[in-house]
Structures are given as structure tokens and as C-alpha cells.
$ cat start.cif   # mmCIF, C-alpha atoms
data_input
loop_
_atom_site.label_atom_id
_atom_site.label_comp_id
_atom_site.auth_asym_id
_atom_site.auth_seq_id
_atom_site.Cartn_x
_atom_site.Cartn_y
_atom_site.Cartn_z
CA MET A 563 -48.98 3.77 -14.67
CA LEU A 564 -49.36 1.29 -17.51
CA ASN A 565 -52.47 -0.76 -18.29
CA LYS A 566 -54.05 0.76 -15.16
CA GLU A 567 -51.34 -0.84 -13.02
CA LYS A 568 -49.78 1.49 -10.43
CA ILE A 569 -46.00 1.41 -10.27
CA ILE A 570 -43.67 2.54 -7.50
CA SER A 571 -39.90 2.79 -7.67
CA ILE A 572 -37.80 2.28 -4.55
CA ILE A 573 -34.18 3.41 -4.50
CA PRO A 574 -32.28 1.94 -1.51
CA ALA A 575 -29.22 4.01 -0.65
CA ARG A 576 -27.50 3.46 2.66
CA GLY A 577 -24.79 5.76 3.94
CA GLY A 578 -22.07 3.20 4.61
CA SER A 579 -19.84 1.49 2.06
CA LYS A 580 -16.59 -0.34 2.76
CA ARG A 581 -15.01 -0.53 -0.69
CA LEU A 582 -15.89 3.01 -1.76
CA PRO A 583 -16.74 5.19 1.27
CA GLU A 584 -19.90 7.32 0.95
CA LYS A 585 -20.27 6.22 -2.66
CA ASN A 586 -23.98 7.04 -2.87
CA ILE A 587 -23.26 10.74 -2.32
CA LYS A 588 -19.95 10.79 -4.19
CA GLU A 589 -20.21 13.25 -7.08
CA LEU A 590 -20.35 11.63 -10.49
CA CYS A 591 -20.07 14.22 -13.27
CA GLY A 592 -21.20 16.94 -10.91
CA ARG A 593 -24.14 15.14 -9.28
CA PRO A 594 -24.37 12.81 -6.27
CA LEU A 595 -24.44 9.19 -7.42
CA VAL A 596 -27.93 8.55 -6.03
CA GLU A 597 -29.32 11.49 -7.98
CA TRP A 598 -28.75 9.78 -11.34
CA SER A 599 -31.15 6.97 -10.43
CA ILE A 600 -33.69 9.44 -9.06
CA GLU A 601 -33.53 11.36 -12.34
CA ALA A 602 -33.94 8.22 -14.44
CA ALA A 603 -37.02 7.24 -12.42
CA LYS A 604 -38.49 10.75 -12.75
CA GLN A 605 -38.09 10.59 -16.53
CA SER A 606 -39.90 7.26 -16.77
CA LYS A 607 -43.29 7.39 -18.49
CA TYR A 608 -44.78 4.76 -16.21
CA ILE A 609 -43.47 5.20 -12.67
CA ASP A 610 -46.12 6.84 -10.48
CA SER A 611 -44.14 7.34 -7.28
CA ILE A 612 -40.47 7.37 -6.24
CA VAL A 613 -39.18 6.57 -2.76
CA VAL A 614 -35.61 6.75 -1.50
CA SER A 615 -34.88 4.54 1.52
CA SER A 616 -31.83 5.55 3.54
CA ASP A 617 -30.28 5.79 6.98
CA ASN A 618 -28.19 8.78 5.91
CA LYS A 619 -29.33 12.41 6.42
CA ASN A 620 -27.38 13.68 3.40
CA ILE A 621 -28.95 11.12 1.09
CA LEU A 622 -32.43 11.84 2.43
CA SER A 623 -31.80 15.56 1.92
CA ILE A 624 -30.76 14.99 -1.69
CA ALA A 625 -33.96 13.03 -2.29
CA GLU A 626 -36.13 15.70 -0.71
CA LYS A 627 -34.53 18.38 -2.87
CA GLN A 628 -35.46 16.24 -5.88
CA ASN A 629 -39.08 16.24 -4.65
CA VAL A 630 -39.34 12.50 -4.12
CA ASP A 631 -40.60 10.67 -1.05
CA THR A 632 -38.25 9.28 1.57
CA VAL A 633 -38.24 6.47 4.10
CA ILE A 634 -35.89 6.58 7.07
CA ARG A 635 -34.23 3.20 7.29
CA PRO A 636 -33.54 1.86 10.81
CA ASN A 637 -29.95 1.02 11.70
CA PHE A 638 -30.53 -2.73 11.73
CA LEU A 639 -31.39 -2.51 8.02
CA ALA A 640 -28.33 -0.43 7.16
CA ASP A 641 -25.45 -2.75 8.00
CA ASP A 642 -23.54 -5.23 5.84
CA LYS A 643 -25.83 -8.10 6.90
CA SER A 644 -29.12 -6.46 5.93
CA THR A 645 -30.72 -7.74 2.73
CA THR A 646 -32.30 -5.80 -0.11
CA ILE A 647 -35.45 -7.89 0.37
CA ASP A 648 -35.82 -6.73 3.98
CA VAL A 649 -35.12 -3.10 3.02
CA LEU A 650 -37.82 -3.18 0.34
CA LEU A 651 -40.36 -4.85 2.62
CA HIS A 652 -39.71 -2.18 5.26
CA ALA A 653 -40.16 0.61 2.72
CA LEU A 654 -43.41 -0.86 1.42
CA GLU A 655 -44.74 -1.03 4.98
CA GLN A 656 -44.16 2.71 5.40
CA ILE A 657 -46.05 3.67 2.24
CA GLU A 658 -49.73 4.53 2.64
CA ASP A 659 -50.84 4.12 -0.97
CA THR A 660 -51.12 0.74 -2.67
CA TYR A 661 -49.25 -0.19 -5.84
CA ASP A 662 -49.24 -3.14 -8.18
CA TYR A 663 -45.58 -3.27 -9.21
CA LEU A 664 -42.27 -2.40 -7.61
CA VAL A 665 -39.28 -1.13 -9.59
CA LEU A 666 -36.03 -1.51 -7.67
CA LEU A 667 -33.36 0.90 -8.90
CA GLN A 668 -30.02 0.54 -7.16
CA PRO A 669 -28.08 3.82 -7.11
CA THR A 670 -24.88 2.01 -8.06
CA SER A 671 -26.17 1.70 -11.66
CA PRO A 672 -26.12 5.34 -12.81
CA LEU A 673 -25.89 4.55 -16.53
CA ARG A 674 -29.20 2.72 -16.63
CA SER A 675 -31.56 5.06 -18.49
CA ASN A 676 -35.24 5.91 -18.32
CA LEU A 677 -35.59 4.09 -21.65
CA ASP A 678 -34.20 0.93 -20.05
CA ILE A 679 -36.74 1.29 -17.25
CA ASP A 680 -39.69 1.89 -19.57
CA ASN A 681 -38.69 -0.90 -21.95
CA SER A 682 -38.46 -3.27 -18.99
CA ILE A 683 -41.92 -2.29 -17.75
CA GLU A 684 -43.39 -2.73 -21.23
CA MET A 685 -41.73 -6.14 -21.48
CA LEU A 686 -43.23 -7.18 -18.15
CA MET A 687 -46.72 -6.16 -19.25
CA ARG A 688 -46.30 -7.76 -22.66
CA HIS A 689 -45.39 -11.12 -21.14
CA LYS A 690 -47.83 -10.76 -18.23
CA ALA A 691 -44.82 -11.62 -16.10
CA ASN A 692 -44.37 -11.61 -12.35
CA SER A 693 -40.95 -10.08 -12.72
CA VAL A 694 -38.41 -8.66 -15.16
CA VAL A 695 -34.72 -8.46 -14.26
CA SER A 696 -31.96 -6.73 -16.20
CA VAL A 697 -28.96 -8.68 -17.44
CA CYS A 698 -26.01 -8.12 -19.74
CA GLN A 699 -23.65 -10.35 -21.64
CA ALA A 700 -20.91 -11.70 -19.39
CA GLU A 701 -17.54 -10.09 -20.04
CA HIS A 702 -15.79 -13.46 -19.80
CA SER A 703 -17.15 -16.97 -20.19
CA PRO A 704 -17.64 -18.72 -16.84
CA LEU A 705 -16.22 -21.80 -18.54
CA TRP A 706 -12.82 -20.10 -18.21
CA CYS A 707 -13.32 -19.45 -14.48
CA ASN A 708 -12.65 -21.56 -11.41
CA THR A 709 -11.46 -21.33 -7.83
CA LEU A 710 -7.76 -21.69 -6.96
CA PRO A 711 -6.23 -23.79 -4.17
CA GLU A 712 -3.78 -22.23 -1.74
CA ASP A 713 -0.76 -23.42 -3.76
CA ARG A 714 -2.24 -21.80 -6.94
CA SER A 715 -2.02 -25.05 -8.89
CA MET A 716 -3.82 -24.88 -12.26
CA ASP A 717 -4.29 -28.66 -12.47
CA GLY A 718 -7.92 -29.28 -13.35
CA PHE A 719 -8.65 -25.54 -13.55
CA MET A 720 -10.30 -25.83 -16.95
CA SER A 721 -11.69 -28.67 -19.01
CA LYS A 722 -9.20 -30.02 -21.54
CA SER A 723 -11.89 -29.70 -24.22
CA LEU A 724 -11.74 -25.91 -23.86
CA GLU A 725 -7.97 -25.50 -24.24
CA GLY A 726 -7.06 -23.48 -27.32
CA ARG A 727 -10.67 -22.62 -28.17
CA ARG A 728 -11.40 -19.01 -29.06
CA SER A 729 -13.89 -17.12 -26.91
CA GLN A 730 -15.95 -16.31 -30.00
CA VAL A 731 -16.95 -19.95 -30.46
CA LEU A 732 -18.07 -20.47 -26.86
CA GLU A 733 -21.72 -20.27 -25.87
CA THR A 734 -22.89 -16.77 -24.90
CA TYR A 735 -23.53 -16.32 -21.18
CA PHE A 736 -25.43 -13.54 -19.44
CA ARG A 737 -25.17 -12.18 -15.90
CA LEU A 738 -27.35 -10.13 -13.59
CA ASN A 739 -26.21 -6.51 -13.79
CA GLY A 740 -28.15 -5.14 -10.80
CA ALA A 741 -29.63 -2.20 -12.68
CA ILE A 742 -33.36 -3.01 -12.80
CA TYR A 743 -35.65 -5.35 -10.91
CA ILE A 744 -39.40 -5.12 -11.51
CA VAL A 745 -41.70 -7.40 -9.56
CA LYS A 746 -45.39 -7.77 -8.87
CA ILE A 747 -45.76 -6.59 -5.28
CA SER A 748 -48.25 -9.23 -4.15
CA LYS A 749 -45.89 -11.93 -5.44
CA PHE A 750 -42.87 -10.26 -3.85
CA ILE A 751 -44.49 -10.01 -0.41
CA LYS A 752 -45.68 -13.61 -0.55
CA GLU A 753 -42.44 -15.21 -1.78
CA LYS A 754 -39.84 -12.71 -0.51
CA SER A 755 -38.14 -12.92 -3.90
CA LEU A 756 -37.34 -10.48 -6.71
CA MET A 757 -37.18 -13.39 -9.15
CA PRO A 758 -40.26 -15.56 -8.60
CA ASN A 759 -41.59 -17.91 -11.25
CA ASN A 760 -42.50 -16.33 -14.60
CA THR A 761 -39.49 -13.96 -14.60
CA TYR A 762 -38.02 -12.60 -17.84
CA ALA A 763 -34.65 -11.07 -18.68
CA TYR A 764 -34.26 -7.57 -20.07
CA VAL A 765 -30.92 -7.43 -21.87
CA MET A 766 -28.84 -4.25 -21.51
CA ASP A 767 -25.54 -3.38 -23.13
CA GLN A 768 -22.35 -3.55 -21.10
CA PHE A 769 -21.83 0.23 -21.10
CA ASN A 770 -25.13 0.86 -19.30
CA SER A 771 -24.55 -2.11 -17.00
CA ILE A 772 -21.67 -0.80 -14.89
CA ASP A 773 -22.38 -1.47 -11.21
CA ILE A 774 -20.29 0.81 -9.01
CA ASP A 775 -18.71 -1.06 -6.12
CA THR A 776 -15.10 0.12 -6.27
CA LEU A 777 -13.13 3.21 -7.28
CA TYR A 778 -12.27 1.43 -10.54
CA ASP A 779 -15.98 1.03 -11.33
CA PHE A 780 -16.58 4.70 -10.48
CA ILE A 781 -13.79 5.88 -12.81
CA CYS A 782 -15.15 3.70 -15.64
CA ALA A 783 -18.69 5.02 -15.15
CA GLU A 784 -17.49 8.62 -15.10
CA ALA A 785 -15.46 8.13 -18.30
CA ILE A 786 -18.48 6.66 -20.10
CA MET A 787 -20.77 9.40 -18.83
CA LYS A 788 -18.38 12.15 -19.89
CA SER A 789 -18.26 10.65 -23.38
CA ARG A 790 -22.03 11.14 -23.58
CA VAL A 791 -22.06 14.86 -22.75
CA GLY A 792 -25.04 16.45 -24.42
CA ASN A 793 -27.06 13.24 -24.57
CA GLU A 794 -30.10 12.57 -22.40
CA LEU A 795 -30.00 10.09 -19.56
#
$ encode --input "start.cif" --output "C-alpha cells"
Amino acid sequence: MLNKEKIISIIPARGGSKRLPEKNIKELCGRPLVEWSIEAAKQSKYIDSIVVSSDNKNILSIAEKQNVDTVIRPNFLADDKSTTIDVLLHALEQIEDTYDYLVLLQPTSPLRSNLDIDNSIEMLMRHKANSVVSVCQAEHSPLWCNTLPEDRSMDGFMSKSLEGRRSQVLETYFRLNGAIYIVKISKFIKEKSLMPNNTYAYVMDQFNSIDIDTLYDFICAEAIMKSRVGNEL
């Protein structure tokens, strides 16, 4: 709780994953991936309640052993077509207590810390915002990106004005990193959006911003985490 506002964190963790099978229970430095987000939420100064939403018995069991609440997600909200918005709305419907703000913590961002969460919540309250979303600096400028035709021709791929320019002189771009979404619940339910009007960006560093989707991402996250042995989340 902060400024008498009640805050709930929802961690959506389905069992299926095409690119990295069972990634949410895959052990990262000795702990199931989902457990790192549960731990970060538990260490937050402001989160009043934590709920894990899942269709998977193993994930629900992990959450229960961590003494957090669980919501059993129906199968129609656990396939590749289901949206995070629908999953969150379903979870909120199952919760008896009322809360003012929702903190979405995706388990695929295990390097996001409790300090990132608390700083984001403080930023939201400071700005009297409807939402705060985490971002990080883009690894590569989108000005150097484009689609390719079937013949892989590079004609018109990049503006001639950019040729030969060093990346350091280009404008800095930021991207969503998927680690933290905080939104006023009344606004979220009304607009079905995690980024309604009056949304602010909380900037995280690239190390804490890894979003695990592939084995490559998992290996990178594990290497970073191992380099921090002895440090707190």
C-alpha cells in the first residue's frame, strides 16, 4: 500500500510455450523461472497481495508453496490467441477484495528487481498517473531496420541520409521491455488497456530488461544472474 492505495500484483504464467517449452517452470539458477517474479513481488514495500494465474498444476503448486494466491485459468485463456488483457480481467473477477492498482509482472522478466517495482509505483503516485510502463533503451536504432522483400533486395532499405552515420549520433529510442505494467484498475477495466492516457515510462537498464522468449534469452539471463551471485534481487 502507498498513499492509502491498495495494490495487487498479478503474475500470468501459462504452461505452454512454443519457442521454449515449459519455460515458466524451467530452472533458472536453481529456481523455477516464475519464482523469481514471485520473489520480487514479495520483496516490494508496496504490493499488498500477489496472485499467480495459470492453467498449469506445477506452476500453481510453485505459487502455493511460496504462499501466494492462485487463480486457475480456463483453457480458452491459455492458448496462443488469448490476450494478457483477458487473462488479467479474468483474474480480477476471481478476487474477492478490491484494489486500486494492478501491477502486472510477467515471469519472463526475472531480472526485474523489487527496487524497479517500488520505484515504478512511487513514480506513478508522484505523477498521479493512470499507468506506468517499463522501457529500456533500444539495442539498435529502428532507423536502421526495415522489412525485406522475397528477393532480399536492399534497394530503399534505409534512407540515404543515414548512410555512413555513426549510431552514437542518432536519436535515442526506447522500447517496451515487458517487465512492469502498473495501471489504475478502474481505468483498466473501463478501457481494456494497460497504457491508457496519462501513462509514464519507467526506464530500466538493458541488463534487467531481458525478456525470456527463446533459449538464447534464457542463457543470457542465467549468465547475468550468475554474475550477480551474492547480490539481492
$ resolve_selection --input "start.cif" --expression "the PyMOL selection byres ((chain A and resi 740-752) around 9)" --output "ChimeraX atom specification"
/A:571,647,651,661-674,678-679,682-683,686,691-697,738-739,753-758,761,764,770-773
$ residues_near_point --input "start.cif" --point "(-32.8, 5.7, -8.9)" --cutoff "7 Å" --atoms "all atoms listed in the file" --output "ChimeraX atom specification"
/A:573,596-603,667-669
$ residues_around --input "start.cif" --residues "Asn565 of chain A" --least-positions-apart "5" --cutoff "10 Å" --atoms "only C-alpha atoms" --output "PyMOL selection string"
chain A and resi 608+684+687
$ resolve_selection --input "start.cif" --expression "the PyMOL selection byres ((chain A and resi 616) around 10)" --output "ChimeraX atom specification"
/A:573-577,613-615,617-622,625,632-637,639-640,649,653
$ axis_aligned_box --input "start.cif" --around "segment 625-642 of chain A" --padding-each-side "5 Å" --output "JSON"
{"center_x": -32.1, "center_y": 6.6, "center_z": 2.9, "size_x": 27.1, "size_y": 33.6, "size_z": 27.6}
$ atom_distance --input "start.cif" --atom1 "atom CA of Asn676 of chain A" --atom2 "atom CA of Ile657 of chain A"
23.3 Å
$ atom_distance --input "start.cif" --atom1 "atom CA of Leu650 of chain A" --atom2 "atom CA of Cys591 of chain A"
28.3 Å
$ atom_distance --input "start.cif" --atom1 "atom CA of Arg688 of chain A" --atom2 "atom CA of Ala700 of chain A"
25.9 Å
$ resolve_selection --input "start.cif" --expression "the PyMOL selection byres ((chain A and resi 707) around 12)" --output "MDAnalysis selection string"
chainID A and resid 700:706 708:710 716 718:721 724
$ closest_residue --input "start.cif" --among "A:Thr660, A:Gln628, A:Ser611, A:Ser606" --to "Arg593 of chain A" --atoms "all atoms listed in the file"
A:Gln628
$ residues_around --input "start.cif" --residues "Met563 of chain A" --least-positions-apart "3" --cutoff "7 Å" --atoms "only C-alpha atoms" --output "PyMOL selection string"
chain A and resi 566-569+608-610
$ closest_residue --input "start.cif" --among "A:Glu658, A:Glu626, A:Arg714, A:Gln699" --to "Ala763 of chain A" --atoms "all atoms listed in the file"
A:Gln699
